[in-house]
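A short write-up of the structure that comes next.
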Amino acid sequence: MGVNLYNRHFLKDLDFSTQELEYLLDTAHALKAMKKAGTPHRYLEGKNIVLLFQKTSTRTRCAFEVGGMDLGMGVTYLDPSGSQMGKKESIADTAQVLSRFYDGIEFRGFAQEDVECLAENSSVPVWNGLTTEWHPTQMIADIMTVQEHFGHDNIKGKTLVFMGDAKNNVARSLMVVCAKMGMNFVACGPASCMPSDDVVEASLPIAQANGCTITLTEDVAAACTGADVIYTDVWVSMGEPEEVWAERIATLQPYRVTPQVMDMCAPGAIFLHCLPAFHDTKTTIGADIAKKFGITEMEVSDQVFSAPYSKVFDQAENRMHSIKAIMYCTLSETNQVI
């Protein structure tokens with residue numbers, strides 16, 4: 001029986017089987033090929049979606065807006081000042097109202113329970129553009145990028161290492177998606193920054209069933225030697241207080257991705273980062289950190305970020321193609337690989 005994701009919510013990768021994730025990836029690759037060839041694909045003509053943003057984002061907003069318009073849909077963007085959700089109107093009431101107007105609802109914010117509440121009270125698909133706990137749409141773009149580099153059928157058995165704050169939403173989501181795709185996952189960082197027990201316990205049996213491993217370590221050399229993908233993220237997430245910078249910098253500096261780290265990896269290894277990245281002082285935050293703490297690079301060195309093996313901009317582009325696939329597969333009744 002074929003995969004059918006019509007009218008499904010997309011809240012976290014744990015909700016989807018390996019076959020369903022592969023279906024989304026196949027669709028993303030097909031839609032990217034159409035985009036590159038200039039082939040129109042307005043398969044969702046006449047539908048409308050709304051984007052609810054508590055947290056700002058360049059890639060997520062643009063991916064949903066351009067992807068939605070490529071598919072023929074109307075797109076409404078609402079930032080915190082443009083909606084009464086959670087202020088004058090409950091999340092549950094907001095979901096019921098918006099699902100009368102729109103065919104799909106995207107949410108990017110803080111609590112996972114908020115996007116879960118939207119889904120519980122919506123009659124249309126709800127997509128999680130990021131919460132504190134999970135970042136599922138990012139994962140489809142990440143695996144898509146790994147497939148493009150190593151070959152669609154050659155990622156099983158590859159090893160992905162997440163360096164740094166491995167308790168954050170990206171690392172948690174990567175652990176799950178790697179387990180489902182048969183990739184070995186390594187969390188490398190201080191003990192205080194390891195993923196929570198709940199996500200480890202959920203991922204271990206999935207990894208075992210798919211013939212791959214999950215490893216938590218503080219040892220950079222043990223983690224990175226022979227690795228195929230090195231992945232990192234910012235040390236302080238949006239919404240966290242500025243006061244945590246000093247502690248994070250002191251704790252996480254040993255886990256910066258440097259040329260020396262990449263030299264430990266297997267031949268042909270790549271570097272990934274979900275962006276934005278603090279690899280120089282050309283941002284206001286980067287310049288401020290340099291002034292306060294005397295460092296000009298944080299989670300990744302500029303040499304790594306700018307190297308040929310860095311696939312961060314392929315990865316960023318793939319946010320659009322993968323999100324387009326998620327919208328197409330959950331909104332199209334035919335739901336067949338294009």
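How things are named: the first chain in the structure tokens is A, the next is B, and so on; residues count from 1 in each chain; ligands count from 1 in the order shown.
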As a PDB file with N, CA, C and O atoms, in the first residue's frame, which residues of region 35-90 of chain A does DSSP assign to strand (DSSP E)?
```
ATOM      1  N   ASN A  48      -5.176  28.177   0.610  1.00  0.00           N
ATOM      2  CA  ASN A  48      -4.548  29.271   1.352  1.00  0.00           C
ATOM      3  C   ASN A  48      -3.971  28.743   2.656  1.00  0.00           C
ATOM      4  O   ASN A  48      -4.550  27.840   3.283  1.00  0.00           O
ATOM      5  N   ILE A  49      -2.826  29.302   3.060  1.00  0.00           N
ATOM      6  CA  ILE A  49      -2.200  28.906   4.317  1.00  0.00           C
ATOM      7  C   ILE A  49      -1.875  30.145   5.141  1.00  0.00           C
ATOM      8  O   ILE A  49      -1.739  31.253   4.598  1.00  0.00           O
ATOM      9  N   VAL A  50      -1.743  29.947   6.452  1.00  0.00           N
ATOM     10  CA  VAL A  50      -1.386  31.038   7.350  1.00  0.00           C
ATOM     11  C   VAL A  50      -0.151  30.632   8.145  1.00  0.00           C
ATOM     12  O   VAL A  50      -0.005  29.471   8.556  1.00  0.00           O
ATOM     13  N   LEU A  51       0.757  31.577   8.348  1.00  0.00           N
ATOM     14  CA  LEU A  51       1.993  31.357   9.081  1.00  0.00           C
ATOM     15  C   LEU A  51       1.944  32.136  10.390  1.00  0.00           C
ATOM     16  O   LEU A  51       1.883  33.364  10.382  1.00  0.00           O
ATOM     17  N   LEU A  52       1.950  31.429  11.517  1.00  0.00           N
ATOM     18  CA  LEU A  52       1.912  32.053  12.839  1.00  0.00           C
ATOM     19  C   LEU A  52       3.314  32.022  13.443  1.00  0.00           C
ATOM     20  O   LEU A  52       3.838  30.949  13.763  1.00  0.00           O
ATOM     21  N   PHE A  53       3.924  33.188  13.599  1.00  0.00           N
ATOM     22  CA  PHE A  53       5.304  33.265  14.086  1.00  0.00           C
ATOM     23  C   PHE A  53       5.378  33.974  15.436  1.00  0.00           C
ATOM     24  O   PHE A  53       5.102  35.168  15.532  1.00  0.00           O
ATOM     25  N   GLY A  74      -2.303  30.979  -1.704  1.00  0.00           N
ATOM     26  CA  GLY A  74      -2.202  32.265  -1.059  1.00  0.00           C
ATOM     27  C   GLY A  74      -1.575  32.078   0.313  1.00  0.00           C
ATOM     28  O   GLY A  74      -1.803  31.069   0.989  1.00  0.00           O
ATOM     29  N   VAL A  75      -0.756  33.048   0.751  1.00  0.00           N
ATOM     30  CA  VAL A  75      -0.020  32.922   2.013  1.00  0.00           C
ATOM     31  C   VAL A  75      -0.228  34.182   2.857  1.00  0.00           C
ATOM     32  O   VAL A  75      -0.032  35.299   2.370  1.00  0.00           O
ATOM     33  N   THR A  76      -0.624  33.994   4.121  1.00  0.00           N
ATOM     34  CA  THR A  76      -0.752  35.091   5.078  1.00  0.00           C
ATOM     35  C   THR A  76       0.277  34.894   6.183  1.00  0.00           C
ATOM     36  O   THR A  76       0.359  33.805   6.766  1.00  0.00           O
ATOM     37  N   TYR A  77       1.056  35.947   6.467  1.00  0.00           N
ATOM     38  CA  TYR A  77       2.053  35.894   7.545  1.00  0.00           C
ATOM     39  C   TYR A  77       1.564  36.724   8.722  1.00  0.00           C
ATOM     40  O   TYR A  77       1.186  37.886   8.553  1.00  0.00           O
ATOM     41  N   LEU A  78       1.575  36.137   9.921  1.00  0.00           N
ATOM     42  CA  LEU A  78       1.182  36.845  11.138  1.00  0.00           C
ATOM     43  C   LEU A  78       2.303  36.752  12.171  1.00  0.00           C
ATOM     44  O   LEU A  78       2.635  35.655  12.636  1.00  0.00           O
TER      45      LEU A  78
END
```
Quiz prompt | helix (DSSP H, G or I) per DSSP on the backbone: members of region 96-269 of chain A, as a PyMOL selection string | solution = chain A and resi 96-101+112-121+136-150+169-181+191-193+197-209+220-224+244-255+259-263
Quiz item: In terms of the shortest atom-to-atom distance over only C-alpha atoms, which of A:Ile295, A:Val177, A:Val244, A:Val200 is closest to Glu22 (chain A)?
Solution: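 Among the listed residues, A:Val177 lies closest to Glu22 (chain A).
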Practice problem: Compare A:Val257, A:Met163, A:Val236, A:Val176 by their minimum atom-to-atom distance to Ile285 (chain A), counting only C-alpha atoms, and give me the closest one. | Solution: A:Val236
Self-check item: 6 Å contact set for region 272-278 of chain A, only C-alpha atoms, chain neighbours under 2 positions out, as a PyMOL selection string
Solution: chain A and resi 231-233+280+298+311-312
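Counting only C-alpha atoms, the residue from A:Lys282, A:Lys55, A:His135, A:His152 that sits nearest to Leu11 (chain A) is A:His135.
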Self-check item: Polymer residues at most 12 Å from Asn154 (chain A), only C-alpha atoms, same-chain spacing of 2 or more positions, as a ChimeraX atom specification
Solution: /A:143-144,146-152,156-159,181-183,228
Exercise. Identify, on the basis of only C-alpha atoms, every residue whose closest approach to Met320 (chain A) does not exceed 8 Å; exclude the query and any residue fewer than 6 positions from it along the same chain; express the result as a list in words.
Key: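 The filter keeps Arg59, Thr60, Cys62, Ala63, Phe64, Val66 and Gly67 of chain A.
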Go ahead and write the residues just picked, all heavy atoms, as an mmCIF file, in the first residue's frame.
```cif
data_model
loop_
_atom_site.group_PDB
_atom_site.id
_atom_site.type_symbol
_atom_site.label_atom_id
_atom_site.label_comp_id
_atom_site.auth_asym_id
_atom_site.auth_seq_id
_atom_site.Cartn_x
_atom_site.Cartn_y
_atom_site.Cartn_z
ATOM 1 N N ARG A 59 14.797 31.755 7.052
ATOM 2 C CA ARG A 59 14.616 30.575 6.210
ATOM 3 C C ARG A 59 13.215 29.982 6.316
ATOM 4 O O ARG A 59 12.608 29.619 5.306
ATOM 5 C CB ARG A 59 15.662 29.506 6.573
ATOM 6 C CG ARG A 59 17.038 29.760 5.957
ATOM 7 C CD ARG A 59 18.142 29.209 6.817
ATOM 8 N NE ARG A 59 18.145 29.841 8.128
ATOM 9 C CZ ARG A 59 18.641 31.066 8.369
ATOM 10 N NH1 ARG A 59 19.177 31.749 7.385
ATOM 11 N NH2 ARG A 59 18.587 31.601 9.576
ATOM 12 N N THR A 60 12.690 29.865 7.535
ATOM 13 C CA THR A 60 11.382 29.229 7.697
ATOM 14 C C THR A 60 10.292 30.056 7.032
ATOM 15 O O THR A 60 9.443 29.531 6.304
ATOM 16 C CB THR A 60 11.060 29.017 9.186
ATOM 17 O OG1 THR A 60 12.086 28.214 9.779
ATOM 18 C CG2 THR A 60 9.717 28.324 9.363
ATOM 19 N N CYS A 62 10.587 32.370 4.604
ATOM 20 C CA CYS A 62 10.743 32.410 3.151
ATOM 21 C C CYS A 62 10.421 31.061 2.516
ATOM 22 O O CYS A 62 9.831 31.000 1.424
ATOM 23 C CB CYS A 62 12.159 32.837 2.792
ATOM 24 S SG CYS A 62 12.539 34.554 3.231
ATOM 25 N N ALA A 63 10.788 29.971 3.193
ATOM 26 C CA ALA A 63 10.515 28.647 2.649
ATOM 27 C C ALA A 63 9.016 28.405 2.535
ATOM 28 O O ALA A 63 8.534 27.901 1.503
ATOM 29 C CB ALA A 63 11.155 27.581 3.534
ATOM 30 N N PHE A 64 8.263 28.767 3.564
ATOM 31 C CA PHE A 64 6.815 28.580 3.507
ATOM 32 C C PHE A 64 6.163 29.537 2.514
ATOM 33 O O PHE A 64 5.236 29.150 1.783
ATOM 34 C CB PHE A 64 6.202 28.762 4.898
ATOM 35 C CG PHE A 64 6.162 27.501 5.714
ATOM 36 C CD1 PHE A 64 7.124 27.256 6.685
ATOM 37 C CD2 PHE A 64 5.172 26.560 5.514
ATOM 38 C CE1 PHE A 64 7.093 26.089 7.447
ATOM 39 C CE2 PHE A 64 5.126 25.389 6.264
ATOM 40 C CZ PHE A 64 6.095 25.152 7.231
ATOM 41 N N VAL A 66 7.561 31.188 -0.245
ATOM 42 C CA VAL A 66 7.898 30.887 -1.639
ATOM 43 C C VAL A 66 7.354 29.512 -2.024
ATOM 44 O O VAL A 66 6.782 29.332 -3.116
ATOM 45 C CB VAL A 66 9.420 30.960 -1.870
ATOM 46 C CG1 VAL A 66 9.763 30.547 -3.304
ATOM 47 C CG2 VAL A 66 9.927 32.378 -1.605
ATOM 48 N N GLY A 67 7.499 28.540 -1.127
ATOM 49 C CA GLY A 67 6.984 27.213 -1.406
ATOM 50 C C GLY A 67 5.483 27.224 -1.626
ATOM 51 O O GLY A 67 4.966 26.594 -2.551
#
```
Quiz item: Which is closest to Lys167 (chain A) among A:Lys180, A:Pro136, A:Trp235, A:Asp302, if we use only C-alpha atoms?
Solution: A:Trp235
Exercise. May I ask which of the residues A:His279, A:Val186, A:Ile140, A:Met175 is the closest one to Ser203 (chain A), counting only C-alpha atoms?
Key: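 When distances to Ser203 (chain A) are compared using only C-alpha atoms, the smallest one comes from A:Met175.
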Quiz item: With distances taken over only C-alpha atoms, which of A:Leu174, A:Val300, A:Leu216, A:Ile105 is nearest to Asp13 (chain A)?
Solution: A:Leu174
List the spatial neighbours of Ala325 (chain A) as a PDB file with C-alpha atoms, in the first residue's frame - criterion: any atom at most 6 Å away, only C-alpha atoms, same-chain residues fewer than 3 positions off excluded.
```pdb
ATOM      1  CA  THR A  27       8.719  14.364  -3.064  1.00  0.00           C
ATOM      2  CA  ALA A  28      11.159  17.087  -2.001  1.00  0.00           C
ATOM      3  CA  SER A 322      11.401  20.093   1.799  1.00  0.00           C
ATOM      4  CA  TYR A 328       2.032  19.192  -0.849  1.00  0.00           C
ATOM      5  CA  CYS A 329       1.855  15.777   0.793  1.00  0.00           C
TER       6      CYS A 329
END
```
Quiz item: Which polymer residues have any atom within 6 Å of an atom of region 261-270 of chain A, counting only C-alpha atoms, with same-chain residues fewer than 6 positions away left out, as a count of residues only?
Solution: 8
